[in-house]
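Pasted below: work-v4.tsv, TSV, C-alpha atoms.
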```
chain	number	residue	atom	x	y	z
N	905	MET	CA	27.77	25.13	2.58
N	906	LYS	CA	29.47	21.75	2.15
N	907	SER	CA	27.94	20.62	5.45
N	908	LEU	CA	24.55	21.87	4.33
N	909	ARG	CA	24.86	20.09	0.97
N	910	SER	CA	25.37	16.79	2.81
N	911	ASN	CA	21.79	17.13	4.11
N	912	ILE	CA	20.45	15.84	0.81
N	913	ALA	CA	22.26	12.50	0.97
N	914	LYS	CA	21.44	12.20	4.68
N	915	LEU	CA	17.75	12.86	4.01
N	916	TYR	CA	17.82	10.12	1.37
N	917	ALA	CA	19.27	7.79	4.02
N	918	PHE	CA	16.73	8.92	6.63
N	919	SER	CA	13.86	8.24	4.22
N	920	PHE	CA	15.30	4.78	3.59
N	921	LEU	CA	15.56	4.00	7.33
N	922	GLN	CA	12.19	5.55	8.18
N	923	MET	CA	10.42	3.22	5.77
N	924	THR	CA	12.51	0.09	6.42
N	925	LEU	CA	9.52	-1.38	8.22
N	926	PHE	CA	10.16	-5.05	8.88
N	927	PRO	CA	6.70	-5.61	10.49
N	928	MET	CA	4.56	-3.92	7.82
N	929	ALA	CA	4.17	-6.85	5.42
N	930	ILE	CA	2.76	-9.07	8.21
N	931	ILE	CA	1.39	-6.61	10.79
N	932	THR	CA	-2.28	-7.17	9.95
N	933	LEU	CA	-1.73	-10.91	10.43
N	934	PHE	CA	0.06	-10.18	13.73
N	935	TRP	CA	-2.91	-8.14	14.93
N	936	LYS	CA	-5.40	-10.80	13.84
N	937	ASP	CA	-3.60	-13.99	14.84
N	938	HIS	CA	-1.53	-12.96	17.88
N	939	ILE	CA	-3.45	-10.05	19.40
N	940	GLY	CA	-6.89	-11.36	18.33
N	941	LEU	CA	-8.20	-8.23	16.61
N	942	SER	CA	-11.03	-8.20	14.07
N	943	LEU	CA	-10.78	-6.08	10.92
N	944	THR	CA	-13.16	-3.60	12.55
N	945	ARG	CA	-10.81	-3.19	15.52
N	946	ILE	CA	-7.76	-3.05	13.24
N	947	LEU	CA	-9.25	-0.17	11.26
N	948	LEU	CA	-10.41	1.39	14.54
N	949	LEU	CA	-6.83	1.15	15.78
N	950	GLN	CA	-5.59	2.95	12.68
N	951	SER	CA	-8.39	5.47	13.00
N	952	ILE	CA	-7.33	6.28	16.57
N	953	MET	CA	-3.75	6.62	15.37
N	954	SER	CA	-5.00	9.00	12.70
N	955	ILE	CA	-6.87	11.01	15.35
N	956	VAL	CA	-3.63	11.26	17.32
N	957	MET	CA	-1.90	12.49	14.19
N	958	VAL	CA	-4.78	14.86	13.47
N	959	ALA	CA	-4.31	16.32	16.94
N	960	MET	CA	-0.52	16.44	16.62
N	961	GLU	CA	0.05	17.20	12.92
N	962	TYR	CA	-0.24	20.95	12.98
N	963	PRO	CA	1.24	21.51	16.48
N	964	THR	CA	4.30	19.41	15.58
N	965	GLY	CA	4.65	21.17	12.23
N	966	TYR	CA	4.38	24.56	13.93
N	967	VAL	CA	6.92	23.50	16.58
N	968	SER	CA	9.25	22.21	13.85
N	969	ASP	CA	9.19	25.62	12.17
N	970	ARG	CA	10.25	27.16	15.49
N	971	ILE	CA	12.77	24.70	17.00
N	972	GLY	CA	14.24	23.53	13.70
N	973	TYR	CA	13.70	20.56	11.41
N	974	ARG	CA	16.79	18.70	12.65
N	975	ALA	CA	15.49	18.76	16.23
N	976	ALA	CA	12.04	17.62	15.10
N	977	LEU	CA	13.48	14.61	13.24
N	978	THR	CA	15.60	13.72	16.27
N	979	ILE	CA	12.50	13.73	18.51
N	980	ALA	CA	10.72	11.56	15.93
N	981	SER	CA	13.53	9.01	15.98
N	982	VAL	CA	13.43	8.68	19.78
N	983	LEU	CA	9.65	8.19	19.69
N	984	GLY	CA	10.02	5.63	16.90
N	985	MET	CA	12.39	3.56	19.04
N	986	ALA	CA	9.97	3.76	21.97
N	987	GLY	CA	6.92	2.80	19.91
N	988	TRP	CA	8.42	-0.27	18.29
N	989	GLY	CA	9.96	-1.23	21.63
N	990	CYS	CA	6.46	-1.25	23.17
N	991	TYR	CA	5.33	-3.63	20.42
N	992	THR	CA	7.78	-6.27	21.65
N	993	LEU	CA	5.81	-6.39	24.93
N	994	ALA	CA	2.27	-5.88	23.59
N	995	ALA	CA	-0.37	-8.55	24.18
N	996	SER	CA	-3.69	-6.64	24.06
N	997	PHE	CA	-5.55	-3.98	22.12
N	998	SER	CA	-4.71	-1.29	24.70
N	999	GLN	CA	-0.99	-2.12	24.62
N	1000	VAL	CA	-0.90	-2.08	20.83
N	1001	LEU	CA	-2.79	1.22	20.96
N	1002	GLY	CA	-0.11	2.71	23.25
N	1003	ALA	CA	2.61	1.67	20.81
N	1004	GLU	CA	0.65	3.10	17.87
N	1005	ILE	CA	0.14	6.42	19.66
N	1006	LEU	CA	3.90	6.79	20.14
N	1007	LEU	CA	4.47	5.92	16.48
N	1008	GLY	CA	1.73	8.34	15.44
N	1009	ILE	CA	3.39	11.23	17.27
N	1010	SER	CA	6.72	10.21	15.73
N	1011	LEU	CA	5.20	10.35	12.24
N	1012	ALA	CA	3.61	13.70	13.03
N	1013	PHE	CA	7.04	15.16	13.83
N	1014	ILE	CA	8.44	13.76	10.58
N	1015	SER	CA	5.47	14.92	8.50
N	1016	GLY	CA	6.54	18.10	6.76
N	1017	SER	CA	9.88	18.39	8.60
N	1018	ASP	CA	11.91	16.18	6.26
N	1019	SER	CA	10.35	17.74	3.17
N	1020	ALA	CA	10.77	21.27	4.54
N	1021	LEU	CA	14.42	20.60	5.43
N	1022	LEU	CA	15.03	19.38	1.88
N	1023	TYR	CA	13.38	22.44	0.34
N	1024	GLU	CA	15.18	24.92	2.61
N	1025	THR	CA	18.50	23.20	1.92
N	1026	LEU	CA	17.95	23.56	-1.83
N	1027	LYS	CA	16.71	27.11	-1.41
N	1028	ALA	CA	19.90	28.07	0.45
N	1029	GLU	CA	21.83	26.87	-2.61
N	1030	GLY	CA	19.50	28.58	-5.08
N	1031	LYS	CA	18.29	25.23	-6.42
N	1032	GLU	CA	14.72	25.05	-5.18
N	1033	GLN	CA	13.55	24.38	-8.75
N	1034	LEU	CA	15.11	20.91	-8.34
N	1035	TYR	CA	12.89	20.10	-5.35
N	1036	ALA	CA	10.52	17.73	-7.17
N	1037	ARG	CA	13.46	15.71	-8.50
N	1038	HIS	CA	15.03	15.31	-5.05
N	1039	GLN	CA	11.66	14.67	-3.40
N	1040	GLY	CA	11.09	11.90	-5.92
N	1041	ARG	CA	14.45	10.41	-5.01
N	1042	MET	CA	13.59	10.64	-1.30
N	1043	SER	CA	10.35	8.80	-2.02
N	1044	GLY	CA	12.28	6.26	-4.06
N	1045	PHE	CA	14.71	5.61	-1.21
N	1046	ALA	CA	11.78	5.39	1.23
N	1047	GLN	CA	9.97	2.77	-0.80
N	1048	GLY	CA	13.23	0.95	-1.44
N	1049	GLY	CA	13.70	0.74	2.33
N	1050	GLU	CA	10.20	-0.61	2.83
N	1051	ALA	CA	10.76	-3.12	0.04
N	1052	LEU	CA	13.97	-4.33	1.70
N	1053	GLY	CA	12.26	-4.57	5.08
N	1054	ALA	CA	9.40	-6.56	3.61
N	1055	VAL	CA	11.27	-9.05	1.45
N	1056	PHE	CA	12.00	-11.47	4.31
N	1057	ALA	CA	9.12	-10.39	6.55
N	1058	GLY	CA	7.09	-13.57	6.10
N	1059	VAL	CA	10.07	-15.79	6.84
N	1060	LEU	CA	11.06	-13.75	9.92
N	1061	TYR	CA	7.48	-13.77	11.18
N	1062	ALA	CA	7.14	-17.53	10.71
N	1063	HIS	CA	10.42	-18.07	12.61
N	1064	ALA	CA	9.62	-15.70	15.52
N	1065	PRO	CA	6.64	-13.31	15.42
N	1066	LEU	CA	8.43	-10.64	17.49
N	1067	LEU	CA	11.67	-10.67	15.47
N	1068	PRO	CA	10.52	-8.03	12.92
N	1069	PHE	CA	9.64	-5.67	15.78
N	1070	ILE	CA	12.98	-6.16	17.55
N	1071	MET	CA	14.83	-5.40	14.31
N	1072	GLN	CA	12.70	-2.27	13.89
N	1073	VAL	CA	14.02	-0.80	17.15
N	1074	GLY	CA	17.55	-1.14	15.76
N	1075	VAL	CA	16.53	0.66	12.56
N	1076	TRP	CA	15.30	3.68	14.53
N	1077	LEU	CA	18.51	3.75	16.56
N	1078	LEU	CA	20.40	4.18	13.27
N	1079	ALA	CA	17.93	6.91	12.26
N	1080	LEU	CA	18.59	8.74	15.53
N	1081	LEU	CA	22.35	8.72	14.93
N	1082	LEU	CA	21.74	10.07	11.41
N	1083	THR	CA	19.44	12.94	12.43
N	1084	ARG	CA	22.01	14.15	14.93
N	1085	SER	CA	24.41	14.76	12.03
N	1086	LEU	CA	22.02	16.93	9.94
N	1087	THR	CA	22.67	20.66	9.49
N	1088	GLU	CA	19.90	23.22	10.02
N	1089	PRO	CA	19.74	25.78	7.16
N	1090	LEU	CA	19.76	29.48	8.03
N	1091	ARG	CA	16.30	30.96	7.57
N	1092	GLU	CA	14.19	33.76	8.95
N	1093	ILE	CA	12.23	32.60	11.99
N	1094	THR	CA	9.89	35.16	13.51
N	1095	SER	CA	8.87	35.19	17.17
N	1096	PRO	CA	5.18	36.13	17.14
N	1097	ALA	CA	3.53	37.78	20.11
N	1098	SER	CA	0.93	35.00	20.13
N	1099	HIS	CA	1.77	31.52	18.85
N	1100	LEU	CA	-1.94	30.65	18.74
N	1101	LYS	CA	-2.76	33.65	16.55
N	1102	GLU	CA	0.19	32.85	14.28
N	1103	ALA	CA	-0.94	29.23	13.94
N	1104	LEU	CA	-4.50	30.29	13.15
N	1105	ARG	CA	-3.24	32.82	10.60
N	1106	SER	CA	-1.33	30.04	8.84
N	1107	ALA	CA	-4.44	27.84	8.81
N	1108	ARG	CA	-6.52	30.72	7.45
N	1109	TYR	CA	-3.99	31.21	4.66
N	1110	ALA	CA	-4.19	27.52	3.69
N	1111	PHE	CA	-7.97	27.08	3.87
N	1112	VAL	CA	-9.42	30.54	3.18
N	1113	GLU	CA	-7.03	32.95	1.50
N	1114	ASN	CA	-5.24	30.64	-0.96
N	1115	ARG	CA	-7.85	28.89	-3.11
N	1116	ARG	CA	-5.26	26.90	-5.06
N	1117	LEU	CA	-3.76	25.52	-1.87
N	1118	ARG	CA	-7.19	24.64	-0.46
N	1119	ALA	CA	-8.19	22.75	-3.61
N	1120	LEU	CA	-4.81	21.00	-3.65
N	1121	ILE	CA	-5.14	19.88	-0.02
N	1122	LEU	CA	-8.65	18.45	-0.58
N	1123	LEU	CA	-7.66	16.54	-3.72
N	1124	ASN	CA	-4.48	15.25	-2.13
N	1125	ALA	CA	-6.42	13.96	0.88
N	1126	ALA	CA	-8.87	12.03	-1.31
N	1127	LEU	CA	-6.11	10.46	-3.39
N	1128	GLY	CA	-4.21	9.70	-0.20
N	1129	VAL	CA	-6.99	7.68	1.41
N	1130	ALA	CA	-7.59	5.91	-1.90
N	1131	SER	CA	-4.07	4.45	-1.64
N	1132	PHE	CA	-4.28	3.98	2.16
N	1133	TYR	CA	-7.32	1.72	2.67
N	1134	PRO	CA	-5.72	-1.19	0.76
N	1135	VAL	CA	-2.60	-1.02	2.96
N	1136	TRP	CA	-4.69	-2.48	5.81
N	1137	LEU	CA	-6.98	-4.65	3.69
N	1138	ILE	CA	-4.61	-6.24	1.20
N	1139	GLN	CA	-3.14	-8.77	3.66
N	1140	PRO	CA	-6.50	-10.37	4.62
N	1141	TYR	CA	-7.48	-10.09	0.93
N	1142	MET	CA	-4.44	-12.18	-0.02
N	1143	GLN	CA	-5.03	-14.57	2.88
N	1144	HIS	CA	-8.62	-15.17	1.71
N	1145	GLY	CA	-7.37	-15.57	-1.86
N	1146	GLY	CA	-5.04	-18.39	-0.86
N	1147	VAL	CA	-1.75	-16.52	-1.29
N	1148	PRO	CA	0.98	-18.47	0.60
N	1149	LEU	CA	2.44	-16.73	3.68
N	1150	ALA	CA	5.94	-16.90	2.18
N	1151	TRP	CA	4.70	-14.66	-0.67
N	1152	PHE	CA	3.61	-11.83	1.63
N	1153	GLY	CA	7.09	-10.31	1.94
N	1154	PRO	CA	7.88	-10.41	-1.80
N	1155	VAL	CA	4.38	-9.06	-2.66
N	1156	TRP	CA	4.92	-6.14	-0.27
N	1157	THR	CA	8.40	-5.64	-1.69
N	1158	GLY	CA	6.99	-5.51	-5.22
N	1159	ALA	CA	4.39	-2.95	-4.17
N	1160	ASN	CA	7.00	-0.69	-2.63
N	1161	LEU	CA	9.37	-1.03	-5.55
N	1162	CYS	CA	6.46	0.07	-7.74
N	1163	VAL	CA	5.99	3.16	-5.54
N	1164	ALA	CA	9.74	3.82	-5.61
N	1165	LEU	CA	10.09	3.59	-9.39
N	1166	CYS	CA	7.02	5.73	-10.00
N	1167	ALA	CA	8.23	8.34	-7.48
N	1168	LEU	CA	11.59	8.51	-9.25
N	1169	ALA	CA	9.81	8.95	-12.59
N	1170	SER	CA	7.21	11.42	-11.27
N	1171	HIS	CA	9.21	14.57	-12.06
N	1172	ARG	CA	9.77	13.64	-15.71
N	1173	VAL	CA	6.29	12.22	-16.24
N	1174	SER	CA	4.56	15.30	-14.80
N	1175	LEU	CA	6.68	17.62	-16.94
N	1176	ALA	CA	5.78	15.60	-20.04
N	1177	MET	CA	2.06	15.20	-19.30
N	1178	GLY	CA	1.10	18.36	-17.41
N	1179	ASP	CA	-1.34	18.66	-14.49
N	1180	ARG	CA	-4.52	17.87	-16.41
N	1181	ARG	CA	-3.38	14.54	-17.86
N	1182	MET	CA	-1.56	13.58	-14.65
N	1183	LEU	CA	-4.76	14.01	-12.65
N	1184	LEU	CA	-6.68	11.97	-15.21
N	1185	LEU	CA	-4.03	9.25	-14.87
N	1186	PHE	CA	-4.36	9.31	-11.04
N	1187	VAL	CA	-8.14	8.91	-11.25
N	1188	LEU	CA	-7.95	6.07	-13.78
N	1189	LEU	CA	-5.35	4.22	-11.70
N	1190	VAL	CA	-7.58	4.46	-8.62
N	1191	TRP	CA	-10.65	3.25	-10.50
N	1192	GLY	CA	-8.75	0.44	-12.24
N	1193	GLY	CA	-7.14	-0.74	-9.01
N	1194	TYR	CA	-10.37	-0.95	-7.04
N	1195	LEU	CA	-12.27	-2.46	-9.97
N	1196	GLY	CA	-9.70	-5.24	-10.30
N	1197	LEU	CA	-9.51	-5.92	-6.56
N	1198	GLY	CA	-13.29	-6.14	-6.37
N	1199	MET	CA	-13.76	-8.39	-9.40
N	1200	SER	CA	-10.89	-10.86	-8.92
N	1201	GLY	CA	-10.34	-12.87	-5.76
N	1202	GLY	CA	-7.75	-15.45	-6.76
N	1203	VAL	CA	-4.07	-15.75	-5.96
N	1204	GLY	CA	-3.08	-13.08	-8.50
N	1205	GLY	CA	-5.78	-10.56	-7.57
N	1206	PHE	CA	-3.35	-8.59	-5.43
N	1207	LEU	CA	-1.62	-7.39	-8.61
N	1208	PHE	CA	-4.35	-4.77	-9.06
N	1209	TYR	CA	-3.08	-3.24	-5.80
N	1210	TYR	CA	0.01	-2.25	-7.77
N	1211	LEU	CA	-2.08	0.22	-9.79
N	1212	LEU	CA	-2.80	2.08	-6.55
N	1213	THR	CA	0.85	1.99	-5.49
N	1214	ALA	CA	1.81	3.39	-8.90
N	1215	MET	CA	-0.61	6.28	-8.35
N	1216	ARG	CA	0.86	6.85	-4.88
N	1217	GLY	CA	4.40	7.07	-6.25
N	1218	LEU	CA	3.54	9.40	-9.12
N	1219	ARG	CA	1.37	11.64	-6.97
N	1220	GLY	CA	3.70	12.37	-4.04
N	1221	PRO	CA	6.54	14.44	-5.57
N	1222	MET	CA	4.25	16.31	-7.96
N	1223	MET	CA	1.67	17.34	-5.34
N	1224	LEU	CA	4.30	18.20	-2.72
N	1225	SER	CA	6.08	20.40	-5.23
N	1226	HIS	CA	2.85	22.33	-5.84
N	1227	THR	CA	2.27	22.66	-2.08
N	1228	HIS	CA	5.77	24.08	-1.55
N	1229	ARG	CA	5.25	26.68	-4.26
N	1230	GLU	CA	2.15	27.91	-2.43
N	1231	SER	CA	3.79	27.96	1.06
N	1232	PRO	CA	5.88	30.72	2.69
N	1233	SER	CA	9.16	29.60	4.31
N	1234	SER	CA	8.12	30.67	7.81
N	1235	HIS	CA	5.14	28.29	7.77
N	1236	ARG	CA	6.33	25.59	5.38
N	1237	ALA	CA	6.28	22.61	7.78
N	1238	GLY	CA	3.05	23.84	9.33
N	1239	ILE	CA	1.22	23.96	5.99
N	1240	LEU	CA	2.56	20.54	5.01
N	1241	SER	CA	1.27	19.28	8.35
N	1242	LEU	CA	-2.13	20.84	7.64
N	1243	GLN	CA	-2.22	18.85	4.42
N	1244	SER	CA	-1.49	15.66	6.36
N	1245	PHE	CA	-4.04	16.78	8.97
N	1246	VAL	CA	-6.86	16.75	6.42
N	1247	PHE	CA	-5.80	13.33	5.11
N	1248	ARG	CA	-5.60	11.87	8.62
N	1249	LEU	CA	-8.94	13.38	9.64
N	1250	LEU	CA	-10.61	11.90	6.57
N	1251	PHE	CA	-9.17	8.47	7.33
N	1252	ALA	CA	-10.02	8.73	11.05
N	1253	VAL	CA	-13.67	9.31	10.19
N	1254	SER	CA	-13.97	6.74	7.41
N	1255	GLY	CA	-11.51	4.01	8.47
N	1256	PRO	CA	-13.65	2.26	11.13
N	1257	LEU	CA	-16.63	2.29	8.75
N	1258	VAL	CA	-14.54	0.60	6.06
N	1259	GLY	CA	-13.36	-1.97	8.63
N	1260	MET	CA	-16.96	-2.73	9.69
N	1261	LEU	CA	-17.94	-3.09	6.05
N	1262	ALA	CA	-15.07	-5.53	5.45
N	1263	ASP	CA	-16.07	-7.65	8.46
N	1264	THR	CA	-19.71	-7.66	7.30
N	1265	VAL	CA	-19.52	-8.22	3.52
N	1266	GLY	CA	-15.90	-9.30	3.03
N	1267	VAL	CA	-12.79	-7.52	1.81
N	1268	ARG	CA	-13.41	-8.12	-1.88
N	1269	ALA	CA	-16.92	-6.63	-1.80
N	1270	THR	CA	-15.58	-3.71	0.24
N	1271	PHE	CA	-13.22	-2.81	-2.60
N	1272	THR	CA	-16.22	-2.69	-4.95
N	1273	TYR	CA	-18.12	-0.32	-2.65
N	1274	LEU	CA	-15.02	1.88	-2.35
N	1275	LEU	CA	-14.79	1.99	-6.16
N	1276	VAL	CA	-18.31	3.45	-6.29
N	1277	GLY	CA	-17.36	6.05	-3.69
N	1278	PHE	CA	-14.27	7.19	-5.58
N	1279	VAL	CA	-16.15	7.32	-8.89
N	1280	VAL	CA	-18.43	9.88	-7.21
N	1281	VAL	CA	-15.83	11.88	-5.24
N	1282	LEU	CA	-12.67	12.18	-7.35
N	1283	PRO	CA	-13.91	13.95	-10.54
N	1284	PRO	CA	-15.39	17.00	-8.72
N	1285	LEU	CA	-12.24	17.44	-6.64
N	1286	ALA	CA	-10.03	17.18	-9.73
N	1287	PHE	CA	-12.14	19.78	-11.58
N	1288	LEU	CA	-12.05	22.07	-8.53
N	1289	TYR	CA	-8.26	21.89	-8.41
N	1290	LEU	CA	-7.82	22.46	-12.16
N	1291	GLY	CA	-10.27	25.38	-12.09
N	1292	ASN	CA	-8.26	27.12	-9.40
N	1293	VAL	CA	-4.98	26.46	-11.19
N	1294	ARG	CA	-6.36	28.08	-14.34
N	1295	GLY	CA	-7.65	30.95	-12.26
```
Now that the file is in, can you turn its structure into structure tokens?
Amino acid sequence: MKSLRSNIAKLYAFSFLQMTLFPMAIITLFWKDHIGLSLTRILLLQSIMSIVMVAMEYPTGYVSDRIGYRAALTIASVLGMAGWGCYTLAASFSQVLGAEILLGISLAFISGSDSALLYETLKAEGKEQLYARHQGRMSGFAQGGEALGAVFAGVLYAHAPLLPFIMQVGVWLLALLLTRSLTEPLREITSPASHLKEALRSARYAFVENRRLRALILLNAALGVASFYPVWLIQPYMQHGGVPLAWFGPVWTGANLCVALCALASHRVSLAMGDRRMLLLFVLLVWGGYLGLGMSGGVGGFLFYYLLTAMRGLRGPMMLSHTHRESPSSHRAGILSLQSFVFRLLFAVSGPLVGMLADTVGVRATFTYLLVGFVVVLPPLAFLYLGNVRG
């Protein structure tokens, strides 16, 4: 039990390492200035990565439920090392794509596995009611890691463009050593006669039989893409607004600290406000963020991005907690992967279109068009979710 209890601290550390992404604060500039990609091709690249994750999300989640979450996270760490290692040699769209595919499969193995391992660890101790609190802390450590990785990103990039990528390989080596020390909780794992039938039965449960889970997955996907588009657009937005390159790391650090603090506060805030007011807050933060990004284009315009990162931090622990409550242990990682599957599919379809729009009308105008889209889409999905919760 003592060994199992150590999983929690180790998962905090894994979340920190997983998101200590030295290249993220400058990667759009790397793609544009060193690989020669347009915003359309950058969003196409991310769309292809999302398609890879769409294809791999549920299979990797299903495999994780069968081989164990520790093994899945170990595989993810090896693939992470390989992907970032490929980046140090990349000089074309196809080579960057190969690196992104490896990283996409790595993320697919992580998706659901770390959260499921946390929940099963707490369940073994009879403390699953504390899941949202610990998930918030995991999110806080994750964003703290990304903030640390970003703080000197601009300086590292200016000194040697490949240096952030080389350091990233070392980060994943540390993650690999950590995953090898995790302990797999005892749980009931069935061996179905047909894995395909079992996988389809799990999907049917999520999308047909459980209305609350279906509504939750759809709403979560929409809120997810709302916070995801700006990740790839904010760097050219700041570049066009005249933000100095040296600011890029601190700006990214500030954004991730905002996510971290909001994730840590999510458990208490959601208990105080309840689902209805929390969802209203999420919607208002999305609308306010896109409105500000679309209307202001100066050096300080990026601050409105922080409204979207605040929504991202508050949303994660609360929505994951609801998903866990609706998921049986034998299919926990698989259902979490299905949730990511819907988000990735939505981004894969819409991402290239957003990139084309940004290349055609500019990033600032694109944020305004996205505001209109979310004004139309978010209220019905929020009402659908609340209606099923009441039911």
Handout entry: Spatial neighbours of N:Gln1033, max dist 12 Å, all atoms listed in the file, sep filter under 2 positions, as an MDAnalysis selection string
Key = chainID N and resid 1022:1031 1035:1039 1171 1225:1226 1228:1229
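Shell of stretch 1249-1262 of chain N at 9 Å, with all atoms listed in the file counted and residues fewer than 5 places along the chain excluded, is Ser942, Leu943, Thr944, Arg945, Ile946, Leu947, Leu948, Leu949, Gln950, Ser951, Ile952, Met953, Ser954, Ile955, Met957, Val958, Ala1125, Ala1126, Val1129, Phe1132, Tyr1133, Leu1137, Ser1244, Val1267, Arg1268, Ala1269, Thr1270, Phe1271 and Leu1274 of chain N.
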For N:Pro1154, the nearest of the candidates N:Met1222, N:Val1265, N:Val1055, N:Ile912, counting only C-alpha atoms:
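Answer, going by the shortest atom-to-atom distance: N:Val1055.
In this model, the gap between atom CA of N:Leu1078 and atom CA of N:Ile971 comes to 22.2 Å.
Rounded to one decimal, atom CA of N:Gly1153 and atom CA of N:His1063 lie 13.6 Å from each other.
Distances from N:Val1059, N:Cys990, N:Leu1290, N:Leu921 to N:Ala1119 were compared using only C-alpha atoms, and the smallest one belongs to N:Leu1290.
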For N:Leu1081, the closest of N:Arg1216, N:Arg1181, N:Arg1105, N:Lys914 counting all atoms listed in the file is N:Lys914
request  = Select, from N:Leu1001, N:Leu1052, N:Leu1086, N:Ala1150, the residue with the minimum atom-to-atom distance to N:Tyr916, counting all atoms listed in the file.
outcome  =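 Using all atoms listed in the file, N:Tyr916 sits closest to N:Leu1086.
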Choose the residue, out of N:Phe934, N:Phe1045, N:Tyr973, N:Phe1013, that has the smallest atom-to-atom separation from N:Leu1165; count all atoms listed in the file.
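Of the candidates, the smallest distance to N:Leu1165 is held by N:Phe1045.
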